[in-house]
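Structure file target19.txt; described as compact mmCIF, N, CA and C atoms.
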```
# COMPACT_ATOMS: atom_id res chain seq x y z
N GLN A 1 121.75 67.97 116.31
CA GLN A 1 120.35 67.67 116.53
C GLN A 1 120.21 66.41 117.39
N VAL A 2 119.50 66.55 118.49
CA VAL A 2 119.27 65.41 119.36
C VAL A 2 118.19 64.54 118.77
N GLN A 3 118.41 63.24 118.80
CA GLN A 3 117.38 62.30 118.36
C GLN A 3 116.96 61.41 119.53
N LEU A 4 115.67 61.20 119.62
CA LEU A 4 115.10 60.37 120.68
C LEU A 4 114.31 59.25 120.05
N VAL A 5 114.53 58.04 120.52
CA VAL A 5 113.82 56.87 119.99
C VAL A 5 113.14 56.18 121.16
N GLU A 6 111.80 56.13 121.08
CA GLU A 6 111.01 55.51 122.14
C GLU A 6 110.67 54.07 121.79
N SER A 7 110.45 53.28 122.82
CA SER A 7 110.01 51.90 122.63
C SER A 7 109.30 51.44 123.89
N GLY A 8 108.63 50.30 123.79
CA GLY A 8 108.01 49.70 124.96
C GLY A 8 106.50 49.83 125.04
N GLY A 9 105.91 50.58 124.12
CA GLY A 9 104.46 50.70 124.15
C GLY A 9 103.79 49.42 123.69
N GLY A 10 102.47 49.38 123.81
CA GLY A 10 101.73 48.20 123.38
C GLY A 10 100.37 48.12 124.03
N LEU A 11 99.79 46.94 123.95
CA LEU A 11 98.47 46.67 124.50
C LEU A 11 98.62 45.90 125.80
N VAL A 12 97.94 46.36 126.85
CA VAL A 12 98.02 45.71 128.15
C VAL A 12 96.65 45.74 128.80
N GLN A 13 96.37 44.76 129.62
CA GLN A 13 95.10 44.74 130.33
C GLN A 13 95.15 45.68 131.53
N ALA A 14 93.99 46.15 131.91
CA ALA A 14 93.91 47.02 133.08
C ALA A 14 94.51 46.31 134.29
N GLY A 15 95.29 47.07 135.05
CA GLY A 15 95.98 46.51 136.20
C GLY A 15 97.39 46.05 135.87
N GLY A 16 97.72 45.99 134.60
CA GLY A 16 99.03 45.53 134.18
C GLY A 16 100.08 46.63 134.19
N SER A 17 101.26 46.27 133.69
CA SER A 17 102.40 47.18 133.70
C SER A 17 103.08 47.21 132.34
N LEU A 18 103.72 48.33 132.08
CA LEU A 18 104.58 48.49 130.91
C LEU A 18 105.75 49.35 131.32
N ARG A 19 106.85 49.18 130.60
CA ARG A 19 107.99 50.08 130.78
C ARG A 19 108.36 50.69 129.45
N LEU A 20 108.29 51.99 129.39
CA LEU A 20 108.70 52.71 128.19
C LEU A 20 110.17 53.10 128.30
N SER A 21 110.84 53.09 127.16
CA SER A 21 112.24 53.50 127.09
C SER A 21 112.39 54.60 126.07
N CYS A 22 113.34 55.47 126.31
CA CYS A 22 113.63 56.56 125.37
C CYS A 22 115.15 56.72 125.31
N ALA A 23 115.70 56.34 124.18
CA ALA A 23 117.15 56.41 123.99
C ALA A 23 117.52 57.69 123.28
N ALA A 24 118.45 58.44 123.84
CA ALA A 24 118.87 59.72 123.28
C ALA A 24 120.23 59.60 122.60
N SER A 25 120.36 60.28 121.49
CA SER A 25 121.64 60.30 120.79
C SER A 25 122.56 61.33 121.40
N GLY A 26 123.84 61.21 121.14
CA GLY A 26 124.79 62.21 121.61
C GLY A 26 125.18 62.01 123.04
N SER A 27 126.01 62.93 123.53
CA SER A 27 126.53 62.80 124.89
C SER A 27 125.95 63.85 125.82
N ILE A 28 124.80 64.38 125.45
CA ILE A 28 124.20 65.45 126.24
C ILE A 28 123.32 64.92 127.36
N PHE A 29 123.07 63.67 127.34
CA PHE A 29 122.03 63.10 128.18
C PHE A 29 122.15 63.50 129.64
N SER A 30 123.33 63.34 130.22
CA SER A 30 123.45 63.52 131.66
C SER A 30 123.35 64.99 132.06
N ARG A 31 123.40 65.89 131.09
CA ARG A 31 123.36 67.31 131.40
C ARG A 31 122.02 67.95 131.09
N ASN A 32 121.03 67.12 130.80
CA ASN A 32 119.76 67.67 130.37
C ASN A 32 118.59 67.03 131.09
N ALA A 33 117.61 67.87 131.37
CA ALA A 33 116.37 67.35 131.93
C ALA A 33 115.59 66.63 130.84
N MET A 34 114.88 65.59 131.24
CA MET A 34 114.09 64.81 130.30
C MET A 34 112.76 64.46 130.93
N GLY A 35 111.86 63.97 130.10
CA GLY A 35 110.58 63.57 130.66
C GLY A 35 109.67 62.96 129.63
N TRP A 36 108.43 62.80 130.06
CA TRP A 36 107.41 62.17 129.23
C TRP A 36 106.13 62.99 129.26
N TYR A 37 105.56 63.17 128.09
CA TYR A 37 104.21 63.70 127.94
C TYR A 37 103.35 62.57 127.37
N ARG A 38 102.05 62.79 127.42
CA ARG A 38 101.14 61.88 126.73
C ARG A 38 99.99 62.68 126.13
N GLN A 39 99.42 62.11 125.11
CA GLN A 39 98.24 62.71 124.49
C GLN A 39 97.16 61.65 124.39
N ARG A 40 96.14 61.82 125.20
CA ARG A 40 95.02 60.90 125.17
C ARG A 40 94.07 61.29 124.06
N PRO A 41 93.26 60.35 123.57
CA PRO A 41 92.33 60.65 122.47
C PRO A 41 91.43 61.84 122.80
N GLY A 42 91.44 62.81 121.91
CA GLY A 42 90.59 63.98 122.09
C GLY A 42 91.06 64.96 123.13
N LYS A 43 92.26 64.75 123.68
CA LYS A 43 92.77 65.62 124.74
C LYS A 43 94.05 66.32 124.29
N GLN A 44 94.39 67.36 125.03
CA GLN A 44 95.67 68.03 124.77
C GLN A 44 96.81 67.22 125.37
N ARG A 45 98.01 67.47 124.84
CA ARG A 45 99.18 66.80 125.38
C ARG A 45 99.40 67.27 126.82
N GLU A 46 99.73 66.34 127.69
CA GLU A 46 99.92 66.67 129.10
C GLU A 46 101.21 66.06 129.63
N LEU A 47 101.82 66.77 130.58
CA LEU A 47 103.04 66.28 131.19
C LEU A 47 102.71 65.11 132.11
N VAL A 48 103.49 64.04 131.98
CA VAL A 48 103.32 62.86 132.82
C VAL A 48 104.38 62.82 133.92
N ALA A 49 105.65 62.95 133.49
CA ALA A 49 106.74 62.86 134.46
C ALA A 49 107.95 63.60 133.92
N HIS A 50 108.74 64.13 134.83
CA HIS A 50 109.92 64.92 134.46
C HIS A 50 111.04 64.54 135.42
N ILE A 51 112.26 64.41 134.87
CA ILE A 51 113.41 64.14 135.72
C ILE A 51 114.49 65.16 135.41
N GLY A 52 114.96 65.83 136.45
CA GLY A 52 115.94 66.88 136.28
C GLY A 52 117.36 66.36 136.18
N VAL A 53 118.27 67.28 135.97
CA VAL A 53 119.68 66.93 135.81
C VAL A 53 120.19 66.24 137.06
N GLY A 54 119.76 66.70 138.23
CA GLY A 54 120.20 66.11 139.49
C GLY A 54 119.47 64.85 139.88
N GLY A 55 118.48 64.47 139.07
CA GLY A 55 117.73 63.24 139.35
C GLY A 55 116.41 63.45 140.05
N SER A 56 116.09 64.69 140.39
CA SER A 56 114.80 64.93 141.03
C SER A 56 113.69 64.73 140.01
N SER A 57 112.55 64.25 140.48
CA SER A 57 111.46 63.93 139.55
C SER A 57 110.15 64.55 140.02
N THR A 58 109.29 64.83 139.06
CA THR A 58 107.95 65.31 139.34
C THR A 58 106.97 64.51 138.48
N TYR A 59 105.73 64.42 138.97
CA TYR A 59 104.72 63.62 138.30
C TYR A 59 103.39 64.34 138.24
N ALA A 60 102.62 64.00 137.24
CA ALA A 60 101.22 64.44 137.21
C ALA A 60 100.49 63.75 138.35
N ASP A 61 99.52 64.46 138.90
CA ASP A 61 98.76 63.89 140.03
C ASP A 61 98.12 62.56 139.65
N SER A 62 97.71 62.44 138.40
CA SER A 62 96.98 61.25 137.97
C SER A 62 97.84 59.99 137.92
N VAL A 63 99.17 60.15 137.96
CA VAL A 63 100.04 58.98 137.86
C VAL A 63 100.91 58.79 139.09
N LYS A 64 100.85 59.71 140.03
CA LYS A 64 101.65 59.57 141.25
C LYS A 64 101.36 58.26 141.95
N GLY A 65 102.44 57.60 142.36
CA GLY A 65 102.30 56.32 143.05
C GLY A 65 102.18 55.14 142.12
N ARG A 66 101.97 55.40 140.82
CA ARG A 66 101.84 54.30 139.85
C ARG A 66 102.98 54.31 138.83
N PHE A 67 103.45 55.50 138.45
CA PHE A 67 104.50 55.63 137.45
C PHE A 67 105.80 56.05 138.11
N THR A 68 106.91 55.59 137.54
CA THR A 68 108.22 55.98 138.03
C THR A 68 109.12 56.30 136.84
N ILE A 69 109.72 57.48 136.88
CA ILE A 69 110.66 57.87 135.84
C ILE A 69 112.07 57.67 136.37
N SER A 70 112.96 57.21 135.49
CA SER A 70 114.35 57.00 135.89
C SER A 70 115.23 57.18 134.67
N ARG A 71 116.53 57.29 134.91
CA ARG A 71 117.45 57.47 133.80
C ARG A 71 118.69 56.63 134.03
N ASP A 72 119.27 56.19 132.92
CA ASP A 72 120.52 55.44 132.94
C ASP A 72 121.50 56.21 132.08
N SER A 73 122.40 56.95 132.73
CA SER A 73 123.31 57.81 131.99
C SER A 73 124.25 57.01 131.09
N ALA A 74 124.64 55.83 131.53
CA ALA A 74 125.55 55.01 130.73
C ALA A 74 124.92 54.59 129.41
N LYS A 75 123.60 54.44 129.41
CA LYS A 75 122.89 54.01 128.21
C LYS A 75 122.18 55.17 127.52
N ASN A 76 122.33 56.38 128.04
CA ASN A 76 121.64 57.54 127.46
C ASN A 76 120.15 57.28 127.31
N THR A 77 119.57 56.69 128.31
CA THR A 77 118.17 56.26 128.21
C THR A 77 117.38 56.70 129.44
N VAL A 78 116.17 57.13 129.19
CA VAL A 78 115.24 57.45 130.27
C VAL A 78 114.07 56.46 130.18
N TYR A 79 113.58 56.06 131.33
CA TYR A 79 112.53 55.06 131.38
C TYR A 79 111.29 55.61 132.07
N LEU A 80 110.16 55.01 131.73
CA LEU A 80 108.93 55.30 132.45
C LEU A 80 108.30 53.96 132.80
N GLN A 81 108.39 53.58 134.06
CA GLN A 81 107.75 52.36 134.54
C GLN A 81 106.31 52.69 134.91
N MET A 82 105.38 51.99 134.30
CA MET A 82 103.97 52.28 134.51
C MET A 82 103.29 51.04 135.09
N ASN A 83 102.76 51.19 136.29
CA ASN A 83 102.08 50.10 136.97
C ASN A 83 100.62 50.45 137.19
N SER A 84 99.84 49.43 137.50
CA SER A 84 98.41 49.62 137.79
C SER A 84 97.73 50.45 136.71
N LEU A 85 97.99 50.09 135.49
CA LEU A 85 97.45 50.85 134.36
C LEU A 85 95.93 50.72 134.29
N ASN A 86 95.30 51.79 133.86
CA ASN A 86 93.86 51.78 133.65
C ASN A 86 93.54 52.41 132.30
N ALA A 87 92.29 52.37 131.92
CA ALA A 87 91.88 52.83 130.60
C ALA A 87 92.22 54.30 130.38
N GLU A 88 92.24 55.08 131.44
CA GLU A 88 92.57 56.51 131.32
C GLU A 88 94.03 56.74 130.95
N ASP A 89 94.85 55.72 131.03
CA ASP A 89 96.26 55.85 130.66
C ASP A 89 96.49 55.59 129.17
N THR A 90 95.44 55.18 128.46
CA THR A 90 95.56 54.97 127.02
C THR A 90 95.92 56.28 126.33
N ALA A 91 97.03 56.29 125.60
CA ALA A 91 97.52 57.53 125.01
C ALA A 91 98.75 57.22 124.16
N VAL A 92 99.15 58.21 123.41
CA VAL A 92 100.47 58.18 122.79
C VAL A 92 101.43 58.90 123.73
N TYR A 93 102.51 58.24 124.07
CA TYR A 93 103.48 58.77 125.03
C TYR A 93 104.70 59.27 124.26
N TYR A 94 105.11 60.50 124.59
CA TYR A 94 106.24 61.15 123.93
C TYR A 94 107.31 61.48 124.97
N CYS A 95 108.55 61.16 124.66
CA CYS A 95 109.61 61.62 125.55
C CYS A 95 110.20 62.90 124.97
N TYR A 96 110.86 63.66 125.83
CA TYR A 96 111.48 64.91 125.40
C TYR A 96 112.77 65.10 126.17
N VAL A 97 113.61 65.97 125.61
CA VAL A 97 114.83 66.39 126.29
C VAL A 97 114.98 67.90 126.09
N ASN A 98 115.33 68.58 127.15
CA ASN A 98 115.58 70.02 127.07
C ASN A 98 117.04 70.27 126.73
N THR A 99 117.29 71.00 125.69
CA THR A 99 118.65 71.30 125.27
C THR A 99 118.87 72.81 125.28
N ASP A 100 120.10 73.21 124.99
CA ASP A 100 120.42 74.64 124.97
C ASP A 100 119.66 75.38 123.88
N VAL A 101 119.21 74.67 122.86
CA VAL A 101 118.53 75.31 121.74
C VAL A 101 117.04 75.00 121.72
N GLY A 102 116.53 74.41 122.78
CA GLY A 102 115.11 74.14 122.85
C GLY A 102 114.82 72.71 123.25
N ARG A 103 113.61 72.29 123.03
CA ARG A 103 113.16 70.96 123.42
C ARG A 103 113.07 70.06 122.19
N SER A 104 113.60 68.87 122.31
CA SER A 104 113.48 67.88 121.25
C SER A 104 112.53 66.78 121.69
N TRP A 105 111.81 66.21 120.71
CA TRP A 105 110.78 65.21 121.00
C TRP A 105 111.06 63.90 120.29
N GLY A 106 110.58 62.84 120.91
CA GLY A 106 110.56 61.56 120.23
C GLY A 106 109.34 61.45 119.34
N GLN A 107 109.24 60.32 118.65
CA GLN A 107 108.15 60.14 117.68
C GLN A 107 106.86 59.67 118.33
N GLY A 108 106.94 59.22 119.56
CA GLY A 108 105.75 58.77 120.27
C GLY A 108 105.60 57.26 120.21
N THR A 109 105.03 56.70 121.26
CA THR A 109 104.74 55.28 121.31
C THR A 109 103.34 55.08 121.90
N GLN A 110 102.56 54.24 121.27
CA GLN A 110 101.17 54.05 121.67
C GLN A 110 101.07 53.08 122.85
N VAL A 111 100.30 53.48 123.84
CA VAL A 111 99.96 52.61 124.97
C VAL A 111 98.45 52.48 124.99
N THR A 112 97.97 51.25 124.93
CA THR A 112 96.53 50.99 124.97
C THR A 112 96.24 50.04 126.12
N VAL A 113 95.34 50.48 126.99
CA VAL A 113 94.96 49.68 128.16
C VAL A 113 93.53 49.19 127.95
N SER A 114 93.35 47.89 127.93
CA SER A 114 92.03 47.32 127.74
C SER A 114 91.39 47.03 129.10
N SER A 115 90.10 47.34 129.18
CA SER A 115 89.39 47.14 130.45
C SER A 115 88.66 45.82 130.49
```
Show me the file's structure as structure tokens.
Amino acid sequence: QVQLVESGGGLVQAGGSLRLSCAASGSIFSRNAMGWYRQRPGKQRELVAHIGVGGSSTYADSVKGRFTISRDSAKNTVYLQMNSLNAEDTAVYYCYVNTDVGRSWGQGTQVTVSS
């Protein structure tokens, strides 16, 4: 069973930055696609960013140019650098990893942007 532990969430003023981290257990990290979803208050969970096995990345239109996803295989960790944050980015952020037996999720980390 893959375990994911997220960190880095918190309260930030509009225009500020945060970096989320997601540490994965096991040695599967470099062979699996990973990414981040978020769930804003009253909204459905939505994909924010995805990074493939080869390192290619995709982003939601709403975060393009502001968020950057990256991975450190040596640390089994995927990151989400979030810049120019605004109130619409307030959400619980969840990381995930795709495995041979399905998708595993982290517990979520709260990001609150004050205007």
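Of the listed residues A:Ala87, A:Val92, A:Met82, A:Val111, the one whose atoms come nearest to Arg40 (chain A) is A:Val92, with distances taken using only C-alpha atoms.
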Q: Tell me, in Å to one decimal, how far CA of Ala49 (chain A) is from CA of Gly106 (chain A).
A: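 Separation between CA of Ala49 (chain A) and CA of Gly106 (chain A): 14.8 Å.
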Q) Using only C-alpha atoms, which of A:Ser56, A:Thr90, A:Ser25, A:Gln81 sits nearest Gly8 (chain A)? A) A:Gln81
Q: Determine the nearest neighbour of Gln1 (chain A) from the options A:Trp36, A:Asn83, A:Thr68, A:Ser104, counting all atoms listed in the file.
A: A:Ser104
Leaving out Glu6 (chain A) and any residue of its chain fewer than 6 positions from it, which residues lie within 12 Å of it when counting only C-alpha atoms, given as an mmCIF file with N, CA and C atoms, in the coordinates of the input?
```
data_model
loop_
_atom_site.group_PDB
_atom_site.id
_atom_site.type_symbol
_atom_site.label_atom_id
_atom_site.label_comp_id
_atom_site.auth_asym_id
_atom_site.auth_seq_id
_atom_site.Cartn_x
_atom_site.Cartn_y
_atom_site.Cartn_z
ATOM 1 N N ARG A 19 106.850 49.180 130.600
ATOM 2 C CA ARG A 19 107.990 50.080 130.780
ATOM 3 C C ARG A 19 108.360 50.690 129.450
ATOM 4 N N LEU A 20 108.290 51.990 129.390
ATOM 5 C CA LEU A 20 108.700 52.710 128.190
ATOM 6 C C LEU A 20 110.170 53.100 128.300
ATOM 7 N N SER A 21 110.840 53.090 127.160
ATOM 8 C CA SER A 21 112.240 53.500 127.090
ATOM 9 C C SER A 21 112.390 54.600 126.070
ATOM 10 N N CYS A 22 113.340 55.470 126.310
ATOM 11 C CA CYS A 22 113.630 56.560 125.370
ATOM 12 C C CYS A 22 115.150 56.720 125.310
ATOM 13 N N ALA A 23 115.700 56.340 124.180
ATOM 14 C CA ALA A 23 117.150 56.410 123.990
ATOM 15 C C ALA A 23 117.520 57.690 123.280
ATOM 16 N N ALA A 24 118.450 58.440 123.840
ATOM 17 C CA ALA A 24 118.870 59.720 123.280
ATOM 18 C C ALA A 24 120.230 59.600 122.600
ATOM 19 N N SER A 25 120.360 60.280 121.490
ATOM 20 C CA SER A 25 121.640 60.300 120.790
ATOM 21 C C SER A 25 122.560 61.330 121.400
ATOM 22 N N GLY A 35 111.860 63.970 130.100
ATOM 23 C CA GLY A 35 110.580 63.570 130.660
ATOM 24 C C GLY A 35 109.670 62.960 129.630
ATOM 25 N N TRP A 36 108.430 62.800 130.060
ATOM 26 C CA TRP A 36 107.410 62.170 129.230
ATOM 27 C C TRP A 36 106.130 62.990 129.260
ATOM 28 N N THR A 77 119.570 56.690 128.310
ATOM 29 C CA THR A 77 118.170 56.260 128.210
ATOM 30 C C THR A 77 117.380 56.700 129.440
ATOM 31 N N VAL A 78 116.170 57.130 129.190
ATOM 32 C CA VAL A 78 115.240 57.450 130.270
ATOM 33 C C VAL A 78 114.070 56.460 130.180
ATOM 34 N N TYR A 79 113.580 56.060 131.330
ATOM 35 C CA TYR A 79 112.530 55.060 131.380
ATOM 36 C C TYR A 79 111.290 55.610 132.070
ATOM 37 N N LEU A 80 110.160 55.010 131.730
ATOM 38 C CA LEU A 80 108.930 55.300 132.450
ATOM 39 C C LEU A 80 108.300 53.960 132.800
ATOM 40 N N VAL A 92 99.150 58.210 123.410
ATOM 41 C CA VAL A 92 100.470 58.180 122.790
ATOM 42 C C VAL A 92 101.430 58.900 123.730
ATOM 43 N N TYR A 93 102.510 58.240 124.070
ATOM 44 C CA TYR A 93 103.480 58.770 125.030
ATOM 45 C C TYR A 93 104.700 59.270 124.260
ATOM 46 N N TYR A 94 105.110 60.500 124.590
ATOM 47 C CA TYR A 94 106.240 61.150 123.930
ATOM 48 C C TYR A 94 107.310 61.480 124.970
ATOM 49 N N CYS A 95 108.550 61.160 124.660
ATOM 50 C CA CYS A 95 109.610 61.620 125.550
ATOM 51 C C CYS A 95 110.200 62.900 124.970
ATOM 52 N N TYR A 96 110.860 63.660 125.830
ATOM 53 C CA TYR A 96 111.480 64.910 125.400
ATOM 54 C C TYR A 96 112.770 65.100 126.170
ATOM 55 N N TRP A 105 111.810 66.210 120.710
ATOM 56 C CA TRP A 105 110.780 65.210 121.000
ATOM 57 C C TRP A 105 111.060 63.900 120.290
ATOM 58 N N GLY A 106 110.580 62.840 120.910
ATOM 59 C CA GLY A 106 110.560 61.560 120.230
ATOM 60 C C GLY A 106 109.340 61.450 119.340
ATOM 61 N N GLN A 107 109.240 60.320 118.650
ATOM 62 C CA GLN A 107 108.150 60.140 117.680
ATOM 63 C C GLN A 107 106.860 59.670 118.330
ATOM 64 N N GLY A 108 106.940 59.220 119.560
ATOM 65 C CA GLY A 108 105.750 58.770 120.270
ATOM 66 C C GLY A 108 105.600 57.260 120.210
ATOM 67 N N THR A 109 105.030 56.700 121.260
ATOM 68 C CA THR A 109 104.740 55.280 121.310
ATOM 69 C C THR A 109 103.340 55.080 121.900
ATOM 70 N N GLN A 110 102.560 54.240 121.270
ATOM 71 C CA GLN A 110 101.170 54.050 121.670
ATOM 72 C C GLN A 110 101.070 53.080 122.850
ATOM 73 N N VAL A 111 100.300 53.480 123.840
ATOM 74 C CA VAL A 111 99.960 52.610 124.970
ATOM 75 C C VAL A 111 98.450 52.480 124.990
#
```
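For the atom pair formed by CA of Ser84 (chain A) and atom N of Val5 (chain A), the distance is 25.1 Å, given to one decimal.
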Q. Smallest atom-to-atom distance to Lys64 (chain A): which of A:Val97, A:Ala33, A:Val12, A:His50, using only C-alpha atoms?
A.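 Of all the options, A:His50 lies closest to Lys64 (chain A).
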Q | Straight-line distance linking atom N of Gly102 (chain A) with atom C of Val53 (chain A), stated in Å to one decimal | A | 16.9 Å
Q: Give the strand (DSSP E or B) residues of chain A, as DSSP finds them on the backbone, and put them as a ChimeraX atom specification.
A: /A:4-7,10-13,18-24,34-39,45-51,57-59,67-72,77-82,91-99,102-105,109-114
**Q.** From A:Gly9, A:Asn32, A:Ala91, A:Ala14, residue lying nearest Asn76 (chain A) [only C-alpha atoms]
**A.** A:Asn32
Q) Closest to Gly10 (chain A) among A:Ala74, A:Val113, A:Leu85, A:Leu47, using all atoms listed in the file? A)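 Counting all atoms listed in the file, the residue closest to Gly10 (chain A) is A:Val113.
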Could you get me a file of region 6-35 of chain A with N, CA and C atoms, as a PDB file, in the first residue's frame, taken from the block above?
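Final file, result-v1.pdb:
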```
ATOM      1  N   GLU A   6       1.308  14.733   2.867  1.00  0.00           N
ATOM      2  CA  GLU A   6       1.410  16.098   2.345  1.00  0.00           C
ATOM      3  C   GLU A   6       1.806  17.062   3.455  1.00  0.00           C
ATOM      4  N   SER A   7       2.428  18.150   3.051  1.00  0.00           N
ATOM      5  CA  SER A   7       2.769  19.212   3.991  1.00  0.00           C
ATOM      6  C   SER A   7       2.926  20.512   3.217  1.00  0.00           C
ATOM      7  N   GLY A   8       2.988  21.617   3.960  1.00  0.00           N
ATOM      8  CA  GLY A   8       3.254  22.905   3.334  1.00  0.00           C
ATOM      9  C   GLY A   8       2.064  23.831   3.214  1.00  0.00           C
ATOM     10  N   GLY A   9       0.881  23.349   3.558  1.00  0.00           N
ATOM     11  CA  GLY A   9      -0.283  24.211   3.485  1.00  0.00           C
ATOM     12  C   GLY A   9      -0.266  25.249   4.600  1.00  0.00           C
ATOM     13  N   GLY A  10      -1.211  26.181   4.538  1.00  0.00           N
ATOM     14  CA  GLY A  10      -1.295  27.202   5.566  1.00  0.00           C
ATOM     15  C   GLY A  10      -2.060  28.413   5.093  1.00  0.00           C
ATOM     16  N   LEU A  11      -1.891  29.496   5.836  1.00  0.00           N
ATOM     17  CA  LEU A  11      -2.559  30.757   5.547  1.00  0.00           C
ATOM     18  C   LEU A  11      -1.567  31.710   4.906  1.00  0.00           C
ATOM     19  N   VAL A  12      -1.963  32.319   3.793  1.00  0.00           N
ATOM     20  CA  VAL A  12      -1.090  33.241   3.084  1.00  0.00           C
ATOM     21  C   VAL A  12      -1.921  34.397   2.546  1.00  0.00           C
ATOM     22  N   GLN A  13      -1.315  35.548   2.430  1.00  0.00           N
ATOM     23  CA  GLN A  13      -2.021  36.697   1.864  1.00  0.00           C
ATOM     24  C   GLN A  13      -2.059  36.595   0.339  1.00  0.00           C
ATOM     25  N   ALA A  14      -3.065  37.214  -0.218  1.00  0.00           N
ATOM     26  CA  ALA A  14      -3.178  37.243  -1.673  1.00  0.00           C
ATOM     27  C   ALA A  14      -1.906  37.821  -2.283  1.00  0.00           C
ATOM     28  N   GLY A  15      -1.451  37.177  -3.345  1.00  0.00           N
ATOM     29  CA  GLY A  15      -0.209  37.581  -3.985  1.00  0.00           C
ATOM     30  C   GLY A  15       0.999  36.819  -3.480  1.00  0.00           C
ATOM     31  N   GLY A  16       0.828  36.085  -2.400  1.00  0.00           N
ATOM     32  CA  GLY A  16       1.927  35.344  -1.812  1.00  0.00           C
ATOM     33  C   GLY A  16       2.142  33.983  -2.453  1.00  0.00           C
ATOM     34  N   SER A  17       3.052  33.229  -1.849  1.00  0.00           N
ATOM     35  CA  SER A  17       3.442  31.931  -2.387  1.00  0.00           C
ATOM     36  C   SER A  17       3.461  30.876  -1.295  1.00  0.00           C
ATOM     37  N   LEU A  18       3.253  29.651  -1.713  1.00  0.00           N
ATOM     38  CA  LEU A  18       3.407  28.486  -0.849  1.00  0.00           C
ATOM     39  C   LEU A  18       3.978  27.364  -1.690  1.00  0.00           C
ATOM     40  N   ARG A  19       4.659  26.445  -1.015  1.00  0.00           N
ATOM     41  CA  ARG A  19       5.111  25.229  -1.687  1.00  0.00           C
ATOM     42  C   ARG A  19       4.587  24.028  -0.931  1.00  0.00           C
ATOM     43  N   LEU A  20       3.814  23.227  -1.617  1.00  0.00           N
ATOM     44  CA  LEU A  20       3.311  21.987  -1.039  1.00  0.00           C
ATOM     45  C   LEU A  20       4.267  20.850  -1.369  1.00  0.00           C
ATOM     46  N   SER A  21       4.378  19.919  -0.426  1.00  0.00           N
ATOM     47  CA  SER A  21       5.201  18.726  -0.626  1.00  0.00           C
ATOM     48  C   SER A  21       4.352  17.497  -0.401  1.00  0.00           C
ATOM     49  N   CYS A  22       4.697  16.437  -1.101  1.00  0.00           N
ATOM     50  CA  CYS A  22       4.001  15.160  -0.950  1.00  0.00           C
ATOM     51  C   CYS A  22       5.051  14.056  -1.006  1.00  0.00           C
ATOM     52  N   ALA A  23       5.277  13.438   0.130  1.00  0.00           N
ATOM     53  CA  ALA A  23       6.283  12.383   0.232  1.00  0.00           C
ATOM     54  C   ALA A  23       5.614  11.025   0.093  1.00  0.00           C
ATOM     55  N   ALA A  24       6.130  10.205  -0.805  1.00  0.00           N
ATOM     56  CA  ALA A  24       5.555   8.891  -1.071  1.00  0.00           C
ATOM     57  C   ALA A  24       6.414   7.791  -0.454  1.00  0.00           C
ATOM     58  N   SER A  25       5.748   6.790   0.075  1.00  0.00           N
ATOM     59  CA  SER A  25       6.472   5.644   0.627  1.00  0.00           C
ATOM     60  C   SER A  25       6.837   4.679  -0.475  1.00  0.00           C
ATOM     61  N   GLY A  26       7.786   3.804  -0.211  1.00  0.00           N
ATOM     62  CA  GLY A  26       8.137   2.777  -1.170  1.00  0.00           C
ATOM     63  C   GLY A  26       9.051   3.278  -2.251  1.00  0.00           C
ATOM     64  N   SER A  27       9.367   2.380  -3.178  1.00  0.00           N
ATOM     65  CA  SER A  27      10.317   2.713  -4.234  1.00  0.00           C
ATOM     66  C   SER A  27       9.644   2.841  -5.588  1.00  0.00           C
ATOM     67  N   ILE A  28       8.340   3.090  -5.566  1.00  0.00           N
ATOM     68  CA  ILE A  28       7.589   3.155  -6.819  1.00  0.00           C
ATOM     69  C   ILE A  28       7.602   4.544  -7.426  1.00  0.00           C
ATOM     70  N   PHE A  29       8.081   5.480  -6.701  1.00  0.00           N
ATOM     71  CA  PHE A  29       7.897   6.880  -7.064  1.00  0.00           C
ATOM     72  C   PHE A  29       8.293   7.188  -8.497  1.00  0.00           C
ATOM     73  N   SER A  30       9.478   6.783  -8.898  1.00  0.00           N
ATOM     74  CA  SER A  30       9.984   7.216 -10.192  1.00  0.00           C
ATOM     75  C   SER A  30       9.263   6.543 -11.349  1.00  0.00           C
ATOM     76  N   ARG A  31       8.468   5.525 -11.055  1.00  0.00           N
ATOM     77  CA  ARG A  31       7.782   4.791 -12.118  1.00  0.00           C
ATOM     78  C   ARG A  31       6.305   5.124 -12.195  1.00  0.00           C
ATOM     79  N   ASN A  32       5.895   6.147 -11.484  1.00  0.00           N
ATOM     80  CA  ASN A  32       4.477   6.435 -11.421  1.00  0.00           C
ATOM     81  C   ASN A  32       4.180   7.912 -11.642  1.00  0.00           C
ATOM     82  N   ALA A  33       3.087   8.143 -12.331  1.00  0.00           N
ATOM     83  CA  ALA A  33       2.619   9.510 -12.485  1.00  0.00           C
ATOM     84  C   ALA A  33       2.017   9.992 -11.169  1.00  0.00           C
ATOM     85  N   MET A  34       2.178  11.268 -10.898  1.00  0.00           N
ATOM     86  CA  MET A  34       1.660  11.852  -9.674  1.00  0.00           C
ATOM     87  C   MET A  34       1.061  13.212  -9.980  1.00  0.00           C
ATOM     88  N   GLY A  35       0.343  13.737  -9.009  1.00  0.00           N
ATOM     89  CA  GLY A  35      -0.222  15.057  -9.225  1.00  0.00           C
ATOM     90  C   GLY A  35      -0.954  15.579  -8.020  1.00  0.00           C
TER      91      GLY A  35
END
```
